[in-house]
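Below is one structure, written out as structure tokens, with a few remarks after it.
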Amino acid sequence: MSMNRREFLQILAAASAAGFALDSRSVLAAQGGERLYDVPHFGNVHFLHFTDCHAQLLPIWFREPNVNIGIGSALGKTPHLVGEKLLKTYGIKPGGREAHAFTYLDFAQAAKTYGQVGGFAHLATLVKQLRASRPSALLLDGGDTWQGSGTALWTQGQDMVDACKLLGVDMMAPHWEFTLGHERVKQIVEKDFAGKIEFLAQNVKTTDFGDPVFKPYALREMNGVKVAVVGQAFPYTPIANPRWMVPDWTFGIQDEEMQKVVNEARAAGAQVVVVLSHNGMDVDLKIAARVTGIDAIFGGHTHDGVPQPVKVQNQGGVTLVTNAGSNGKFLGVLDFDVKGGKVSDFRYKLLPVFSNLLPADAEMAALIDKIRAPYLGKLEEKLAVSEGLLYRRGNFNGSWDQLIVDALMEVKGADLAFSPGFRWGTTILPGQTITFEHVMDQTAITYPASTLTEMSGEQIKMILEDVCDNLFNPDPYYQQGGDMVRVGGLAYACDPNAKIGKRIQDMRLHGKPLEAGKKYKVAGWAPVAEGATGEPIWEVVSTWLRNKKTITPRKLNTPKLIGIAGNPGIA
Amino acid sequence: MDMIRRTVLKGAGATGMLAGLLAAGVLKPTLAYAEDWNKAAFEAKDINEALKSLGAASAADHKDLVIKAPEIAENGSVVPVDVSSNIPNTTSIAILILKNPFPLSSQFEFSNGAMTDVSIRVKVADTSVIRAIAKADGKFYSTQKEVKVTVGGCGG
């Protein structure tokens with residue numbers, strides 16, 4: 001019998017899953033796994049960065065997208081590269097551990113081989129390991145930290161606040177944090193974070209007089225070098241999320257204000273200025289070209305796992321732009337060598353957090369246990385077994401979202417259903433049991449109402465056009481960084497390169513063209529309007545799963561794409 | 001923010017709003033600006049007609065005329081728009097919302113070296129280009145920016 005290394009490893013993984021006492025760490029070390037975390041010390045200014053962990057305290061699976069289309073000037077450029085195109089661009093060997101971390105390729109098999117990713121106890125070990133050689137390093141959290149799990153929702157973010165304090169986060173920038181409501185955000189910043197974690201956002205002002213709501217930047221000294229970190233909140237929070245939750249605050253990109261803040265930090269003696277940003281990578285790339293004096297932008301929001309920074313040229317020099325993935329899967333390490341008052345060189349590494357290569361930190365594991373204890377029965381309820389792979393990421397649909405729209409249409413008796421283009425949410429492997437916790441990973445938001453609305457064909461088209469423009473407007477400042485609304489029941493074609501109003505074509509319901517004047521029953525969830533009511537989406541989905549018991553592989557409803565043949569953002 | 005400043009400014013804000021309403025033609029303008037009221041321009045239903053009535057049909061782009069407005073409106077009913085002109089001898093600024101039923105939203109006259117920087121909050125009915133027109137030394141200059149009005153939700 002002959003077998004290749006992959007097959008051998010799969011057998012080992014299967015044996016290990018079946019309860020054989022295999023030492024998976026020694027197996028994985030044989031592939032150079034442990035060397036992954038040997039990051040040689042370099043320079044004198046150090047940053048550690050994670051972002052968009054979406055409250056995932058435990059190790060999870062997370063499949064990267066196979067559809068992340070770039071159009072216009074973003075065509076074929078980072079972060080709009082998927083699969084083999086991404087591997088080739090960054091010189092990553094196909095089939096290995098890093099290829100698994102950065103791409104969707106052969107996901108279910110590779111996930112079994114390499115194990116789960118993330119988890120705060122494992123992340124804590126990695127942070128400690130890196131801090132041993134870089135004691136002065138600042139740990140930056142790019143936000144979307146207090147939302148994304150059952151426990152974060154039920155504790156109003158307190159679980160993540162406590163975990164981040166224990167992890168040793170120094171500074172953070174916000175987005176989904178605001179969906180806990182402005183009063184809760186203020187309470188955490190003023191009480192829990194006081195003297196411990198800086199909450200930075202230069203682009204959040206009061207709506208009446210434009211007064212700053214939070215500290216725009218923080219100064220620190222590191223090995224004799226003055227360093228400034230500027231915070232940038234997600235600019236479109238009151239549009240993508242409920243406006244009524246932050247009624248007195250205004251956001252926006254505000255790049256002119258950003259320039260002023262950077263200049264102020266430089267005038268205050270900062271030799272290194274970095275931005276901790278929740279803009280999304282395309283917006284960061286544009287802002288880096290327009291604003292001068294920023295050494296690096298630590299980016300998030302768009303959940304792009306980008307192996308190396310993009311060097312953006314501007315009138316003042318070069319700005320590095322990074323993006324550090326999501327769900328606790330990655331930790332970015334940026335070392336700067338500062339000489340003669342300015343950055344002379346850098347090293348960057350985006351480290352995948354492989355849970356079985358990093359032993360759990362005991363103190364963090366204990367905290368996580370304590371957080372989960374009151375909810376354990378609820379979290380661990382087994383709802384159904386999934387025969388197929390369930391994931392969310394992708395520009396147009398994911399199998400998890402397909403499951404949600406399938407459940408919505410069936411339960412509500414709708415003609416079609418919409419599910420928001422969120423980019424968070426963990427992955428379920430074929431054969432895995434779906435628990436209530438997994439459903440919360442896809443749905444845990446503070447405005448969870450499910451809805452059934454009558455809409456005309458014209459309104460449906462308008463919504464699709466509107467959301468599609470948030471994704472494919474050629475100017476990133478007009479994008480919102482989410483994916484296309486997921487559509488159940490309605491077939492359509494999409495031309496991403498067209499202008500708004502012309503992208504969505506050939507809409508059909510059961511083969512018949514959608515009629516502009518006719519009314520249709522549309523199910524959905526996550527309404528941003530105040531006062532919306534309806535059964536929480538996690539109840540709709542859980543009930544549906546309990547009844548089905550076995551979930552067959554989902555048939556993805558994705559639009560027929562026009563004019564994007566050969567685009568390196570689709571595979 | 002300290003409460004006294006807020007209270008004082010609220011008073012000032014109310015006055016400012018009154019001026020805004022006057023300029024936008026909500027209040028009966030004859031009381032205040034009888035001489036300058038350009039009825040035809042404010043009642044024009046399309047941009048070309050409005051520009052013609054302002055005398056600004058051939059306004060040239062100028063980099064020292066700057067519009068500050070959000071790329072995507074947080075609330076289309078009250079979009080903050082700020083227009084400042086560093087063109088020497090600017091004597092008036094007009095702000096037009098191209099897709100609104102009556103594009104000309106406001107016109108401001110400056111005299112005696114007043115700072116040529118105005119902020120308004122204006123309703124933008126649909127995704128639209130906002131155009132600012134400045135008059136300096138009898139000539140008209142122009143700049144523009146698109147403000148998107150979207151249904152919201154579905155992001156992140």
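Within each chain, counting starts at residue 1; across the structure tokens, chains are named A, B, ... in the order shown, with ligands numbered 1 upward in that order.
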Hey, what's within 7 Å of range 275-285 of chain A if we count only C-alpha atoms and toss same-chain stuff fewer than 5 positions away? As a count of residues only, please?
24
Polymer residues at most 8 Å from Glu515 in chain A, only C-alpha atoms, same-chain spacing of 6 or more positions, as JSON, numbers by chain
{"A": [456, 457, 458]}
Prev. selection, all heavy atoms, output as a compact mmCIF listing (two decimals), in the first residue's frame:
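Wrote it out as out-v9.txt, contents follow:
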```
# COMPACT_ATOMS: atom_id res chain seq x y z
N SER A 456 -42.35 45.35 -3.69
CA SER A 456 -42.56 45.26 -5.13
C SER A 456 -41.26 44.82 -5.79
O SER A 456 -40.17 44.96 -5.21
CB SER A 456 -42.99 46.63 -5.68
OG SER A 456 -41.92 47.54 -5.56
N GLY A 457 -41.38 44.30 -6.99
CA GLY A 457 -40.20 43.91 -7.73
C GLY A 457 -39.23 45.07 -7.88
O GLY A 457 -38.01 44.90 -7.82
N GLU A 458 -39.79 46.27 -8.04
CA GLU A 458 -38.97 47.47 -8.19
C GLU A 458 -38.14 47.73 -6.92
O GLU A 458 -36.95 48.04 -6.99
CB GLU A 458 -39.89 48.66 -8.48
CG GLU A 458 -39.15 49.89 -8.92
CD GLU A 458 -40.10 51.07 -9.16
OE1 GLU A 458 -41.33 50.89 -9.04
OE2 GLU A 458 -39.59 52.15 -9.45
```
Non-local contacts of Lys165 in chain A (9 Å; only C-alpha atoms; under 6 positions in same chain excluded) as an MDAnalysis selection string
chainID A and resid 192:193 196:197
Residues near Val318 in chain A, cut-off 12 Å, only C-alpha atoms, skip fewer than 6 positions along chain, as a ChimeraX atom specification:
/A:285,288-297,309-312,343-346
Next, write the just-selected residues to a file, as a tab-separated table (two decimals), in the first residue's frame, keeping C-alpha atoms as the atom set.
```
chain	number	residue	atom	x	y	z
A	285	LEU	CA	-5.16	51.86	0.52
A	288	ALA	CA	-2.61	55.90	2.56
A	289	ALA	CA	-2.17	57.52	-0.84
A	290	ARG	CA	-3.78	60.80	0.28
A	291	VAL	CA	-2.56	61.35	3.84
A	292	THR	CA	1.16	61.79	4.52
A	293	GLY	CA	3.22	60.99	7.59
A	294	ILE	CA	1.75	57.56	8.45
A	295	ASP	CA	4.31	54.76	8.71
A	296	ALA	CA	1.79	51.93	8.79
A	297	ILE	CA	-1.94	51.29	8.81
A	309	PRO	CA	1.88	44.77	3.76
A	310	VAL	CA	1.13	46.75	0.62
A	311	LYS	CA	3.59	49.64	0.24
A	312	VAL	CA	1.64	52.73	-0.76
A	343	VAL	CA	11.76	54.46	10.19
A	344	SER	CA	14.60	52.99	8.16
A	345	ASP	CA	13.42	49.40	7.70
A	346	PHE	CA	10.74	46.92	8.74
```
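Among the candidates B:Gln144, B:Asn38, B:Asn48, B:Thr150, the one nearest to Ile67 in chain B when counting only C-alpha atoms is B:Gln144.
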Set the distance at 7 Å and use only C-alpha atoms: which residues neighbour Phe120 in chain A once local chain neighbours fewer than 6 positions away are removed? I'd like the list as number ranges by chain.
A: 57-58, 364
Can I get the residues of range 38-131 of chain B within 12 Å of range 461-472 of chain A, each with the closest pair of atoms and their distance in Å to one decimal, using only C-alpha atoms, sorted chain first then ascending number, as CSV?
```
residue,atom,partner,partner_atom,distance
B:Glu71,CA,A:Asn470,CA,11.5
B:Ile72,CA,A:Asn470,CA,9.8
B:Asp126,CA,A:Asp466,CA,11.5
B:Thr127,CA,A:Asp466,CA,10.3
```
